[in-house]
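This report concerns only the one structure given below.
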Amino acid sequence: MKNDFPILKQTIYGKPLVYLDNAATTQKPQCVIESINYAYSHFNANIHRGVHYLSRVATEEHEKARKAVAEFISAKSEKEIIFSKGTTDSINMLAWSLSEKENFLQEGDEIIISSHEHHSNIVPWQMLCKRKKTILKVIPIIDDLSLDIEAYKNMLSHRTKFVSIAHVSNLLGLINPVEEIIRLAHEVGALVCVDAAQSAPHIPINVQALNCDFLVFSAHKMYGPTGLGILYGKEDLLNDLPPAEGGGEMIDHVTFEETTYNTLPYKFEAGTPDFIGTYAFHSAIDYINQNGKIAQISKHEAMLTEKLEQSLLEGNYSGASIKIYANDLHKAGVISFNLFNKDSKLIHPYDVGMLLDRQGVAVRTGHHCAEPLTHLLGVPGTVRASIAMYSDEDDIYSLIKAIEKAAAMLI
Ligand SMILES: *Cc1c(COP(=O)(O)O)cnc(C)c1O
């Protein structure tokens with residue numbers, strides 16, 4: 001499979017590239033790269049507005065991509081798929097829209113997120129709470145770093161209006177029990193958004209089975225282009241929400257006094273959409289489906305994640321010890337760890353990352369846009385290795401060898 005990804009054939013500082021930063025972004029297969037070239041070369045024209053041939057082709061391709069996304073997450077209808085700029089944009093749009101919805105949020109109402117959230121699923125809610133004088137509550141963690149579901153149960157009340165929760169933590173790789181979280185929220189009448197940025201590439205998603213009200217993810221984390229994301233919402237809920245942005249395409253009729261809005265999904269897509277990006281994303285979804293779909297990919301990745309964790313634990317680090325966060329719990333493609341020297345002092349993750357880079361191994365270090373969770377771990381950051389469908393045992397072997405060398409220099 002690596003042959004399909006031109007970037008992976010490179011050498012870095014004369015060493016073969018070992019790319020293990022897939023939770024930050026994934027590489028693109030040749031077919032996705034070529035699809036961008038193809039779209040610009042063959043049907044570049046603004047969509048929906050033109051009667052001419054190219055505009056019709058562009059519109060058809062854009063809508064076919066929407067259909068492919070709807071099928072990918074088993075949505076009931078394409079109307080429920082809104083194209084955005086990414087997960088961050090989707091959450092901001094949603095938070096804005098909810099705050100503009102009449103009679104939805106009253107002062108003192110509560111919104112719940114969890115300790116596992118990416119900044120994208122924290123800050124927009126903080127901003128909303130400031131605007132609406134609502135209260136942001138955070139599900140704590142227990143000793144093994146998983147979410148404290150008992151505490152969550154106690155948090156829920158008639159004041160809970162909205163819950164927004166990461167399906168998979170981008171720092172720990174932990175898979176959160178979103179089904180249960182959604183069910184419990186619905187019991188008190190709250191709506192739920194699932195941040196699937198880190199799960200959509202790794203776990204089959206069925207929004208109808210999950211019964212989530214909203215779900216968001218990014219194309220670039222699943223082999224598609226950057227700058228494109230999805231906001232899924234149940235049709236009746238999206239119909240009830242005011243648009244988050246105004247402009248072209250999202251309107252029905254405009255006068256200087258008043259504007260009526262377009263139907264779904266266009267109501268939420270102001271301005272010219274990234275129709276080249278949606279075409280490329282369609283190509284990425286096709287590529288995933290041709291390679292056994294997420295169900296198959298998920299099995300391969302689960303095997304590899306386990307192997308990665310085991311190999312990390314078995315490495316020889318010249319007397320340094322390794323700590324894997326949320327060790328032993330089931331993870332999806334992401335492992336965070338740190339090295340400690342003989343006096344149990346943290347070897348700074350940045351130093352480890354730099355020495356890995358020198359050996360051609362790309363990992364991420366730092367707080368991974370989850371600073372509050374990093375603080376809970378009691379460290380300034382972690383080293384994070386994250387895999388994708390093209391990762392293999394050679395990558396793991398190279399990573400371990402590189403950490404062993406780095407440890408020998410840093411101990
Ligand atoms: C990456 C990520 C985001 C943000 O995605 P963008 O593509 O940067 O908008 C949000 N949540 C999680 C869990 C992520 O991993």
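Convention: chains lettered A, B, ... in structure tokens order; per-chain residue numbering from 1; ligands numbered from 1 as shown.
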Check your understanding: What residues in range 61-227 of chain A get the DSSP label helix (DSSP H, G or I)? Please answer as a PyMOL selection string.
Key -> chain A and resi 61-72+78-80+87-100+119-121+123-132+149-155+178-187+207-210+219-222
Give me the residues within 10 Å of Thr88 in chain A as a PDB file with all heavy atoms, in the first residue's frame, counting only C-alpha atoms and dropping any in the same chain fewer than 5 places off.
```
ATOM      1  N   MET A  93     -19.089  26.443  13.857  1.00  0.00           N
ATOM      2  CA  MET A  93     -20.367  26.713  13.198  1.00  0.00           C
ATOM      3  C   MET A  93     -21.522  26.244  14.069  1.00  0.00           C
ATOM      4  O   MET A  93     -22.515  26.941  14.262  1.00  0.00           O
ATOM      5  CB  MET A  93     -20.427  25.957  11.856  1.00  0.00           C
ATOM      6  CG  MET A  93     -20.008  26.815  10.701  1.00  0.00           C
ATOM      7  SD  MET A  93     -19.918  25.998   9.107  1.00  0.00           S
ATOM      8  CE  MET A  93     -21.181  24.832   9.054  1.00  0.00           C
ATOM      9  N   LEU A  94     -21.353  25.032  14.590  1.00  0.00           N
ATOM     10  CA  LEU A  94     -22.405  24.438  15.404  1.00  0.00           C
ATOM     11  C   LEU A  94     -22.636  25.253  16.680  1.00  0.00           C
ATOM     12  O   LEU A  94     -23.790  25.562  17.032  1.00  0.00           O
ATOM     13  CB  LEU A  94     -22.025  22.987  15.749  1.00  0.00           C
ATOM     14  CG  LEU A  94     -23.007  22.194  16.581  1.00  0.00           C
ATOM     15  CD1 LEU A  94     -24.357  22.067  15.865  1.00  0.00           C
ATOM     16  CD2 LEU A  94     -22.456  20.793  16.885  1.00  0.00           C
ATOM     17  N   HIS A 118      -9.804  17.852  22.479  1.00  0.00           N
ATOM     18  CA  HIS A 118      -8.899  18.688  21.686  1.00  0.00           C
ATOM     19  C   HIS A 118      -9.339  20.141  21.897  1.00  0.00           C
ATOM     20  O   HIS A 118     -10.514  20.402  22.123  1.00  0.00           O
ATOM     21  CB  HIS A 118      -9.083  18.260  20.229  1.00  0.00           C
ATOM     22  CG  HIS A 118      -8.168  18.892  19.231  1.00  0.00           C
ATOM     23  ND1 HIS A 118      -8.339  20.177  18.783  1.00  0.00           N
ATOM     24  CD2 HIS A 118      -7.091  18.400  18.556  1.00  0.00           C
ATOM     25  CE1 HIS A 118      -7.406  20.449  17.881  1.00  0.00           C
ATOM     26  NE2 HIS A 118      -6.633  19.388  17.723  1.00  0.00           N
ATOM     27  N   HIS A 119      -8.423  21.077  21.790  1.00  0.00           N
ATOM     28  CA  HIS A 119      -8.780  22.495  21.968  1.00  0.00           C
ATOM     29  C   HIS A 119      -9.976  22.905  21.108  1.00  0.00           C
ATOM     30  O   HIS A 119     -10.766  23.767  21.500  1.00  0.00           O
ATOM     31  CB  HIS A 119      -7.582  23.398  21.639  1.00  0.00           C
ATOM     32  CG  HIS A 119      -6.426  23.199  22.580  1.00  0.00           C
ATOM     33  ND1 HIS A 119      -5.161  23.642  22.313  1.00  0.00           N
ATOM     34  CD2 HIS A 119      -6.366  22.593  23.791  1.00  0.00           C
ATOM     35  CE1 HIS A 119      -4.351  23.324  23.321  1.00  0.00           C
ATOM     36  NE2 HIS A 119      -5.064  22.677  24.226  1.00  0.00           N
ATOM     37  N   SER A 120     -10.098  22.277  19.940  1.00  0.00           N
ATOM     38  CA  SER A 120     -11.219  22.589  19.033  1.00  0.00           C
ATOM     39  C   SER A 120     -12.574  22.285  19.637  1.00  0.00           C
ATOM     40  O   SER A 120     -13.587  22.823  19.209  1.00  0.00           O
ATOM     41  CB  SER A 120     -11.137  21.740  17.767  1.00  0.00           C
ATOM     42  OG  SER A 120     -10.055  22.087  17.024  1.00  0.00           O
ATOM     43  N   ASN A 121     -12.575  21.359  20.586  1.00  0.00           N
ATOM     44  CA  ASN A 121     -13.846  20.995  21.214  1.00  0.00           C
ATOM     45  C   ASN A 121     -13.927  21.550  22.646  1.00  0.00           C
ATOM     46  O   ASN A 121     -14.708  21.073  23.457  1.00  0.00           O
ATOM     47  CB  ASN A 121     -14.040  19.478  21.194  1.00  0.00           C
ATOM     48  CG  ASN A 121     -15.508  19.084  21.342  1.00  0.00           C
ATOM     49  OD1 ASN A 121     -16.410  19.859  21.007  1.00  0.00           O
ATOM     50  ND2 ASN A 121     -15.752  17.892  21.866  1.00  0.00           N
ATOM     51  N   VAL A 123     -12.583  25.327  23.193  1.00  0.00           N
ATOM     52  CA  VAL A 123     -12.633  26.796  23.061  1.00  0.00           C
ATOM     53  C   VAL A 123     -13.957  27.314  22.466  1.00  0.00           C
ATOM     54  O   VAL A 123     -14.523  28.273  22.995  1.00  0.00           O
ATOM     55  CB  VAL A 123     -11.400  27.306  22.271  1.00  0.00           C
ATOM     56  CG1 VAL A 123     -11.374  28.834  22.253  1.00  0.00           C
ATOM     57  CG2 VAL A 123     -10.106  26.764  22.881  1.00  0.00           C
ATOM     58  N   PRO A 124     -14.493  26.709  21.399  1.00  0.00           N
ATOM     59  CA  PRO A 124     -15.769  27.234  20.880  1.00  0.00           C
ATOM     60  C   PRO A 124     -16.888  27.194  21.920  1.00  0.00           C
ATOM     61  O   PRO A 124     -17.751  28.067  21.940  1.00  0.00           O
ATOM     62  CB  PRO A 124     -16.099  26.297  19.711  1.00  0.00           C
ATOM     63  CG  PRO A 124     -14.788  25.718  19.299  1.00  0.00           C
ATOM     64  CD  PRO A 124     -13.984  25.603  20.563  1.00  0.00           C
ATOM     65  N   ASP A 195     -17.149  14.372  18.328  1.00  0.00           N
ATOM     66  CA  ASP A 195     -15.959  14.789  17.587  1.00  0.00           C
ATOM     67  C   ASP A 195     -15.280  13.516  17.078  1.00  0.00           C
ATOM     68  O   ASP A 195     -14.610  12.809  17.826  1.00  0.00           O
ATOM     69  CB  ASP A 195     -15.035  15.588  18.508  1.00  0.00           C
ATOM     70  CG  ASP A 195     -13.706  15.930  17.838  1.00  0.00           C
ATOM     71  OD1 ASP A 195     -13.470  15.473  16.703  1.00  0.00           O
ATOM     72  OD2 ASP A 195     -12.905  16.650  18.462  1.00  0.00           O
ATOM     73  N   ALA A 197     -13.019  13.353  14.649  1.00  0.00           N
ATOM     74  CA  ALA A 197     -11.793  13.648  13.881  1.00  0.00           C
ATOM     75  C   ALA A 197     -10.796  12.500  13.978  1.00  0.00           C
ATOM     76  O   ALA A 197     -10.114  12.163  13.016  1.00  0.00           O
ATOM     77  CB  ALA A 197     -11.149  14.932  14.388  1.00  0.00           C
ATOM     78  N   VAL A 216     -18.730  15.444  13.727  1.00  0.00           N
ATOM     79  CA  VAL A 216     -17.813  16.274  12.941  1.00  0.00           C
ATOM     80  C   VAL A 216     -16.495  15.546  12.697  1.00  0.00           C
ATOM     81  O   VAL A 216     -16.049  14.760  13.527  1.00  0.00           O
ATOM     82  CB  VAL A 216     -17.525  17.607  13.675  1.00  0.00           C
ATOM     83  CG1 VAL A 216     -18.788  18.438  13.812  1.00  0.00           C
ATOM     84  CG2 VAL A 216     -16.918  17.371  15.056  1.00  0.00           C
ATOM     85  N   PHE A 217     -15.903  15.771  11.530  1.00  0.00           N
ATOM     86  CA  PHE A 217     -14.562  15.243  11.265  1.00  0.00           C
ATOM     87  C   PHE A 217     -13.902  15.991  10.116  1.00  0.00           C
ATOM     88  O   PHE A 217     -14.532  16.828   9.472  1.00  0.00           O
ATOM     89  CB  PHE A 217     -14.573  13.724  11.022  1.00  0.00           C
ATOM     90  CG  PHE A 217     -15.470  13.228   9.911  1.00  0.00           C
ATOM     91  CD1 PHE A 217     -14.932  12.864   8.677  1.00  0.00           C
ATOM     92  CD2 PHE A 217     -16.842  13.112  10.088  1.00  0.00           C
ATOM     93  CE1 PHE A 217     -15.749  12.379   7.654  1.00  0.00           C
ATOM     94  CE2 PHE A 217     -17.667  12.639   9.068  1.00  0.00           C
ATOM     95  CZ  PHE A 217     -17.121  12.272   7.848  1.00  0.00           C
ATOM     96  N   SER A 218     -12.594  15.692   9.905  1.00  0.00           N
ATOM     97  CA  SER A 218     -11.781  16.402   8.908  1.00  0.00           C
ATOM     98  C   SER A 218     -11.344  15.448   7.805  1.00  0.00           C
ATOM     99  O   SER A 218     -10.933  14.324   8.088  1.00  0.00           O
ATOM    100  CB  SER A 218     -10.512  16.973   9.553  1.00  0.00           C
ATOM    101  OG  SER A 218     -10.820  17.966  10.502  1.00  0.00           O
ATOM    102  N   GLY A 229     -13.946  19.747   5.828  1.00  0.00           N
ATOM    103  CA  GLY A 229     -14.461  18.931   6.926  1.00  0.00           C
ATOM    104  C   GLY A 229     -15.945  18.698   6.771  1.00  0.00           C
ATOM    105  O   GLY A 229     -16.572  19.193   5.817  1.00  0.00           O
ATOM    106  N   ILE A 230     -16.488  17.960   7.715  1.00  0.00           N
ATOM    107  CA  ILE A 230     -17.894  17.586   7.653  1.00  0.00           C
ATOM    108  C   ILE A 230     -18.586  17.986   8.957  1.00  0.00           C
ATOM    109  O   ILE A 230     -18.046  17.792  10.044  1.00  0.00           O
ATOM    110  CB  ILE A 230     -18.039  16.052   7.486  1.00  0.00           C
ATOM    111  CG1 ILE A 230     -17.308  15.566   6.222  1.00  0.00           C
ATOM    112  CG2 ILE A 230     -19.502  15.627   7.486  1.00  0.00           C
ATOM    113  CD1 ILE A 230     -17.839  16.099   4.925  1.00  0.00           C
TER     114      ILE A 230
END
```
Neighbours of ligand 1 at 9 Å or closer, counting only C-alpha atoms and all ligand atoms: which residues, as a PDB file with C-alpha atoms, in the first residue's frame?
```pdb
ATOM      1  CA  ALA A  23      -3.095  11.722  14.080  1.00  0.00           C
ATOM      2  CA  ALA A  24      -1.949  15.201  13.017  1.00  0.00           C
ATOM      3  CA  THR A  25      -2.536  14.553   9.332  1.00  0.00           C
ATOM      4  CA  LYS A  85     -13.396  23.844   6.416  1.00  0.00           C
ATOM      5  CA  GLY A  86     -12.597  21.113   8.966  1.00  0.00           C
ATOM      6  CA  THR A  87     -13.499  19.740  12.379  1.00  0.00           C
ATOM      7  CA  THR A  88     -12.656  23.050  14.055  1.00  0.00           C
ATOM      8  CA  ASP A  89     -14.840  24.973  11.639  1.00  0.00           C
ATOM      9  CA  SER A  90     -17.686  22.472  12.048  1.00  0.00           C
ATOM     10  CA  ILE A  91     -17.680  22.827  15.846  1.00  0.00           C
ATOM     11  CA  HIS A 116     -10.166  14.218  26.645  1.00  0.00           C
ATOM     12  CA  GLU A 117     -11.048  17.086  24.344  1.00  0.00           C
ATOM     13  CA  HIS A 118      -8.899  18.688  21.686  1.00  0.00           C
ATOM     14  CA  HIS A 119      -8.780  22.495  21.968  1.00  0.00           C
ATOM     15  CA  SER A 120     -11.219  22.589  19.033  1.00  0.00           C
ATOM     16  CA  ASN A 121     -13.846  20.995  21.214  1.00  0.00           C
ATOM     17  CA  ILE A 165     -17.481  14.576  23.213  1.00  0.00           C
ATOM     18  CA  ALA A 166     -14.398  13.135  21.504  1.00  0.00           C
ATOM     19  CA  HIS A 167     -14.996   9.656  20.096  1.00  0.00           C
ATOM     20  CA  VAL A 168     -11.249   8.943  20.276  1.00  0.00           C
ATOM     21  CA  SER A 169      -8.774  11.052  22.265  1.00  0.00           C
ATOM     22  CA  ASN A 170      -6.100  12.462  19.973  1.00  0.00           C
ATOM     23  CA  LEU A 171      -3.582  12.373  22.829  1.00  0.00           C
ATOM     24  CA  ASP A 195     -15.959  14.789  17.587  1.00  0.00           C
ATOM     25  CA  ALA A 196     -14.992  12.005  15.199  1.00  0.00           C
ATOM     26  CA  ALA A 197     -11.793  13.648  13.881  1.00  0.00           C
ATOM     27  CA  GLN A 198      -9.742  10.844  15.389  1.00  0.00           C
ATOM     28  CA  SER A 199     -12.214   7.987  14.948  1.00  0.00           C
ATOM     29  CA  VAL A 216     -17.813  16.274  12.941  1.00  0.00           C
ATOM     30  CA  PHE A 217     -14.562  15.243  11.265  1.00  0.00           C
ATOM     31  CA  SER A 218     -11.781  16.402   8.908  1.00  0.00           C
ATOM     32  CA  ALA A 219     -10.904  15.104   5.438  1.00  0.00           C
ATOM     33  CA  HIS A 220      -7.152  15.590   5.902  1.00  0.00           C
ATOM     34  CA  LYS A 221      -6.973  13.056   8.741  1.00  0.00           C
ATOM     35  CA  THR A 226      -6.749  19.854   3.885  1.00  0.00           C
ATOM     36  CA  GLY A 227      -9.252  22.626   4.468  1.00  0.00           C
ATOM     37  CA  LEU A 228     -12.292  20.399   4.208  1.00  0.00           C
ATOM     38  CA  GLY A 229     -14.461  18.931   6.926  1.00  0.00           C
ATOM     39  CA  HIS A 368      -1.095  17.840  20.971  1.00  0.00           C
ATOM     40  CA  CYS A 369      -3.748  20.577  21.165  1.00  0.00           C
ATOM     41  CA  ALA A 370      -5.006  18.972  24.370  1.00  0.00           C
TER      42      ALA A 370
END
```
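By chain and then residue number, the residues within 9 Å of Lys101 in chain A are Trp96, Ser97, Leu98, Phe104, Leu105, Asp240, Leu241 and Pro242 of chain A, counting only C-alpha atoms and disregarding those fewer than 3 positions away in sequence.
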May I have the residues from that selection written out with all heavy atoms, as a tab-separated table (two decimals), in the first residue's frame?
```tsv
chain	number	residue	atom	x	y	z
A	96	TRP	N	-21.96	28.37	17.25
A	96	TRP	CA	-22.55	29.66	16.92
A	96	TRP	C	-24.05	29.50	16.63
A	96	TRP	O	-24.89	30.25	17.14
A	96	TRP	CB	-21.82	30.29	15.72
A	96	TRP	CG	-22.38	31.63	15.39
A	96	TRP	CD1	-23.24	31.92	14.37
A	96	TRP	CD2	-22.20	32.84	16.11
A	96	TRP	NE1	-23.58	33.24	14.40
A	96	TRP	CE2	-22.97	33.84	15.47
A	96	TRP	CE3	-21.46	33.20	17.25
A	96	TRP	CZ2	-23.02	35.15	15.91
A	96	TRP	CZ3	-21.51	34.51	17.69
A	96	TRP	CH2	-22.27	35.47	17.03
A	97	SER	N	-24.34	28.53	15.82
A	97	SER	CA	-25.71	28.28	15.42
A	97	SER	C	-26.61	27.97	16.62
A	97	SER	O	-27.72	28.49	16.75
A	97	SER	CB	-25.69	27.10	14.45
A	97	SER	OG	-26.80	27.11	13.65
A	98	LEU	N	-26.09	27.15	17.54
A	98	LEU	CA	-26.86	26.80	18.74
A	98	LEU	C	-27.10	28.04	19.61
A	98	LEU	O	-28.18	28.19	20.19
A	98	LEU	CB	-26.12	25.75	19.57
A	98	LEU	CG	-26.05	24.33	18.99
A	98	LEU	CD1	-25.05	23.49	19.77
A	98	LEU	CD2	-27.42	23.66	18.98
A	104	PHE	N	-33.18	28.32	23.04
A	104	PHE	CA	-32.48	27.05	23.28
A	104	PHE	C	-31.63	27.13	24.54
A	104	PHE	O	-31.70	26.24	25.39
A	104	PHE	CB	-31.63	26.67	22.06
A	104	PHE	CG	-30.88	25.38	22.24
A	104	PHE	CD1	-31.56	24.19	22.44
A	104	PHE	CD2	-29.48	25.35	22.23
A	104	PHE	CE1	-30.88	22.99	22.62
A	104	PHE	CE2	-28.79	24.16	22.41
A	104	PHE	CZ	-29.49	22.98	22.60
A	105	LEU	N	-30.84	28.20	24.68
A	105	LEU	CA	-29.97	28.32	25.85
A	105	LEU	C	-30.40	29.48	26.73
A	105	LEU	O	-30.53	30.61	26.26
A	105	LEU	CB	-28.52	28.53	25.40
A	105	LEU	CG	-27.85	27.34	24.71
A	105	LEU	CD1	-26.51	27.73	24.11
A	105	LEU	CD2	-27.69	26.15	25.66
A	240	ASP	N	-34.04	23.11	12.11
A	240	ASP	CA	-34.43	24.00	13.22
A	240	ASP	C	-33.36	25.02	13.59
A	240	ASP	O	-33.64	25.95	14.35
A	240	ASP	CB	-34.70	23.15	14.48
A	240	ASP	CG	-36.16	22.78	14.56
A	240	ASP	OD1	-36.90	23.22	13.65
A	240	ASP	OD2	-36.54	22.07	15.50
A	241	LEU	N	-32.13	24.81	13.11
A	241	LEU	CA	-31.04	25.70	13.52
A	241	LEU	C	-30.90	26.86	12.54
A	241	LEU	O	-31.03	26.66	11.34
A	241	LEU	CB	-29.71	24.94	13.56
A	241	LEU	CG	-29.41	24.07	14.76
A	241	LEU	CD1	-28.04	23.41	14.58
A	241	LEU	CD2	-29.42	24.88	16.05
A	242	PRO	N	-30.58	28.05	13.06
A	242	PRO	CA	-30.29	29.16	12.16
A	242	PRO	C	-28.93	28.95	11.49
A	242	PRO	O	-28.06	28.29	12.08
A	242	PRO	CB	-30.27	30.38	13.09
A	242	PRO	CG	-29.96	29.84	14.43
A	242	PRO	CD	-30.48	28.43	14.48
```
Exercise for review: Tell me which protein, DNA and RNA residues are within 9 Å of Val138 in chain A, counting only C-alpha atoms, leaving out same-chain ones fewer than 2 positions away, and put them as a ChimeraX atom specification.
Suggested key: /A:111-115,136,140,152,155
For the residues selected in the previous step, produce a file with C-alpha atoms as a tab-separated table (two decimals), in the first residue's frame.
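So the final result, stored in part.tsv, reads:
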```tsv
chain	number	residue	atom	x	y	z
A	111	ILE	CA	-22.86	22.30	28.37
A	112	ILE	CA	-20.73	19.22	29.01
A	113	ILE	CA	-17.43	18.30	27.39
A	114	SER	CA	-14.77	15.87	28.65
A	115	SER	CA	-11.18	15.93	29.89
A	136	LEU	CA	-19.20	24.58	30.86
A	140	PRO	CA	-13.15	14.13	34.82
A	152	TYR	CA	-20.86	12.21	34.13
A	155	MET	CA	-23.51	15.96	36.11
```
**Study point:** strand (DSSP E) per DSSP on the backbone: members of range 118-262 of chain A, as number ranges by chain
**Key:** A: 135-139, 160-166, 191-195, 214-218, 229-233, 251-254, 259-261
Practice item. Fewer than 3 positions away in the same chain doesn't count, so skip those; otherwise give me all residues within 12 Å of range 398-407 of chain A, counting only C-alpha atoms, as a ChimeraX atom specification. Key: /A:15-21,307-322,337-342,346-363,383-387,391-395,410-411
Please produce, as CSV, a per-residue contact table for range 94-196 of chain A versus range 211-215 of chain A (criterion: any atom at most 12 Å away, only C-alpha atoms considered), showing the nearest atom pair and its distance in Å to one decimal, sorted by chain then residue number.
```
residue,atom,partner,partner_atom,distance
A:Leu94,CA,A:Phe214,CA,8.7
A:Ala95,CA,A:Phe214,CA,11.3
A:Leu98,CA,A:Phe214,CA,11.7
A:Asn121,CA,A:Leu215,CA,11.8
A:Phe162,CA,A:Asp213,CA,10.0
A:Val163,CA,A:Asp213,CA,10.0
A:Ser164,CA,A:Phe214,CA,8.9
A:Ile165,CA,A:Leu215,CA,9.6
A:Ala166,CA,A:Leu215,CA,9.8
A:His167,CA,A:Leu215,CA,9.6
A:Val178,CA,A:Cys212,CA,8.7
A:Glu179,CA,A:Asn211,CA,7.8
A:Glu180,CA,A:Asn211,CA,10.4
A:Ile181,CA,A:Cys212,CA,9.7
A:Ile182,CA,A:Cys212,CA,6.4
A:Arg183,CA,A:Asn211,CA,8.1
A:Leu184,CA,A:Cys212,CA,11.5
A:Ala185,CA,A:Cys212,CA,10.0
A:His186,CA,A:Cys212,CA,9.4
A:Gly189,CA,A:Asp213,CA,11.6
A:Ala190,CA,A:Asp213,CA,9.6
A:Leu191,CA,A:Asp213,CA,6.1
A:Val192,CA,A:Asp213,CA,5.3
A:Cys193,CA,A:Phe214,CA,4.4
A:Val194,CA,A:Leu215,CA,4.6
A:Asp195,CA,A:Leu215,CA,6.0
A:Ala196,CA,A:Leu215,CA,6.5
```
For the residues in the current selection, export N, CA and C atoms as a compact mmCIF listing (two decimals), in the first residue's frame.
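Now in result_12.txt:
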```txt
# COMPACT_ATOMS: atom_id res chain seq x y z
N LEU A 94 -21.35 25.03 14.59
CA LEU A 94 -22.41 24.44 15.40
C LEU A 94 -22.64 25.25 16.68
N ALA A 95 -21.54 25.63 17.35
CA ALA A 95 -21.66 26.38 18.60
C ALA A 95 -22.33 27.74 18.34
N LEU A 98 -26.09 27.15 17.54
CA LEU A 98 -26.86 26.80 18.74
C LEU A 98 -27.10 28.04 19.61
N ASN A 121 -12.58 21.36 20.59
CA ASN A 121 -13.85 21.00 21.21
C ASN A 121 -13.93 21.55 22.65
N PHE A 162 -26.47 20.52 26.16
CA PHE A 162 -25.64 20.02 25.07
C PHE A 162 -24.42 19.28 25.62
N VAL A 163 -24.04 18.18 24.93
CA VAL A 163 -22.84 17.43 25.29
C VAL A 163 -22.00 17.30 24.02
N SER A 164 -20.71 17.64 24.11
CA SER A 164 -19.85 17.49 22.94
C SER A 164 -18.63 16.68 23.36
N ILE A 165 -18.40 15.57 22.66
CA ILE A 165 -17.48 14.58 23.21
C ILE A 165 -16.60 13.95 22.12
N ALA A 166 -15.31 13.79 22.45
CA ALA A 166 -14.40 13.13 21.50
C ALA A 166 -14.70 11.63 21.46
N HIS A 167 -14.82 11.11 20.25
CA HIS A 167 -15.00 9.66 20.10
C HIS A 167 -13.69 8.95 20.48
N VAL A 178 -19.04 6.39 23.58
CA VAL A 178 -19.96 7.44 23.12
C VAL A 178 -21.42 6.98 23.08
N GLU A 179 -21.64 5.69 22.79
CA GLU A 179 -23.03 5.20 22.75
C GLU A 179 -23.72 5.48 24.09
N GLU A 180 -23.02 5.11 25.17
CA GLU A 180 -23.59 5.29 26.51
C GLU A 180 -23.73 6.78 26.84
N ILE A 181 -22.71 7.55 26.47
CA ILE A 181 -22.72 8.99 26.75
C ILE A 181 -23.92 9.65 26.04
N ILE A 182 -24.18 9.22 24.81
CA ILE A 182 -25.29 9.77 24.03
C ILE A 182 -26.63 9.37 24.65
N ARG A 183 -26.74 8.09 24.98
CA ARG A 183 -28.00 7.58 25.55
C ARG A 183 -28.35 8.33 26.85
N LEU A 184 -27.35 8.49 27.71
CA LEU A 184 -27.58 9.17 28.99
C LEU A 184 -27.95 10.64 28.78
N ALA A 185 -27.32 11.29 27.82
CA ALA A 185 -27.63 12.70 27.54
C ALA A 185 -29.07 12.83 27.05
N HIS A 186 -29.46 11.90 26.17
CA HIS A 186 -30.82 11.96 25.62
C HIS A 186 -31.87 11.77 26.71
N GLY A 189 -32.77 14.93 27.87
CA GLY A 189 -33.21 15.83 26.79
C GLY A 189 -32.11 16.68 26.18
N ALA A 190 -30.83 16.33 26.45
CA ALA A 190 -29.73 17.11 25.87
C ALA A 190 -29.36 16.57 24.49
N LEU A 191 -28.80 17.43 23.67
CA LEU A 191 -28.32 17.04 22.35
C LEU A 191 -26.83 16.71 22.44
N VAL A 192 -26.34 15.87 21.51
CA VAL A 192 -24.95 15.45 21.58
C VAL A 192 -24.24 15.60 20.23
N CYS A 193 -23.02 16.14 20.31
CA CYS A 193 -22.13 16.17 19.14
C CYS A 193 -20.94 15.25 19.41
N VAL A 194 -20.61 14.42 18.43
CA VAL A 194 -19.44 13.55 18.55
C VAL A 194 -18.31 14.13 17.69
N ASP A 195 -17.15 14.37 18.33
CA ASP A 195 -15.96 14.79 17.59
C ASP A 195 -15.28 13.52 17.08
N ALA A 196 -15.49 13.25 15.79
CA ALA A 196 -14.99 12.01 15.20
C ALA A 196 -13.70 12.21 14.41
```
**Study point:** Option closest in space to Tyr232 in chain A, from A:Gln208, A:Asn103, A:Ser41, A:Gln27 [counting only C-alpha atoms]
**Key:**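 So, comparing all the options, the nearest one is A:Gln208.
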Review point. Got a sec: who's within 8 Å of Met389 in chain A, counting only C-alpha atoms, leaving out chain neighbours fewer than 6 positions off, as a list in words?
Key: Ile297, His300 and Glu301 of chain A
Point to revise | Within 9 Å of Pro243 in chain A using only C-alpha atoms, minus same-chain residues under 3 positions, as a ChimeraX atom specification | key: /A:93,96-97,100,238,246,250,261,267-270
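Nearest residue to Val188 in chain A, choosing from A:Gly50, A:Glu257, A:Glu110, A:Gln296 and counting only C-alpha atoms: A:Glu110.
Each of A:Leu147, A:Tyr287, A:Leu174, A:Val334 was checked against Thr382 in chain A using only C-alpha atoms; the smallest atom-to-atom distance is that of A:Val334.
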Exercise for review: Between CA of Ser55 in chain A and CA of Thr260 in chain A, measure the distance and give it in Å to one decimal.
Suggested key: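 CA of Thr260 in chain A lies 24.4 Å from CA of Ser55 in chain A.
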Practice item. Rounded to one decimal place, report the CA of Tyr397 in chain A-CA of Ala302 in chain A distance in Å. Key: 16.6 Å
Practice item. Using only C-alpha atoms, find the one residue out of A:Asn239, A:Asn206, A:Ser344, A:Asn46 that sits nearest to Ile73 in chain A. Key: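 Smallest separation from Ile73 in chain A among the options: A:Asn206.
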Exercise for review: Find the distance between CA of Thr374 in chain A and CA of Asp144 in chain A and write it in Å to one decimal.
Suggested key: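 Rounded to one decimal, the two atoms are 14.2 Å apart.
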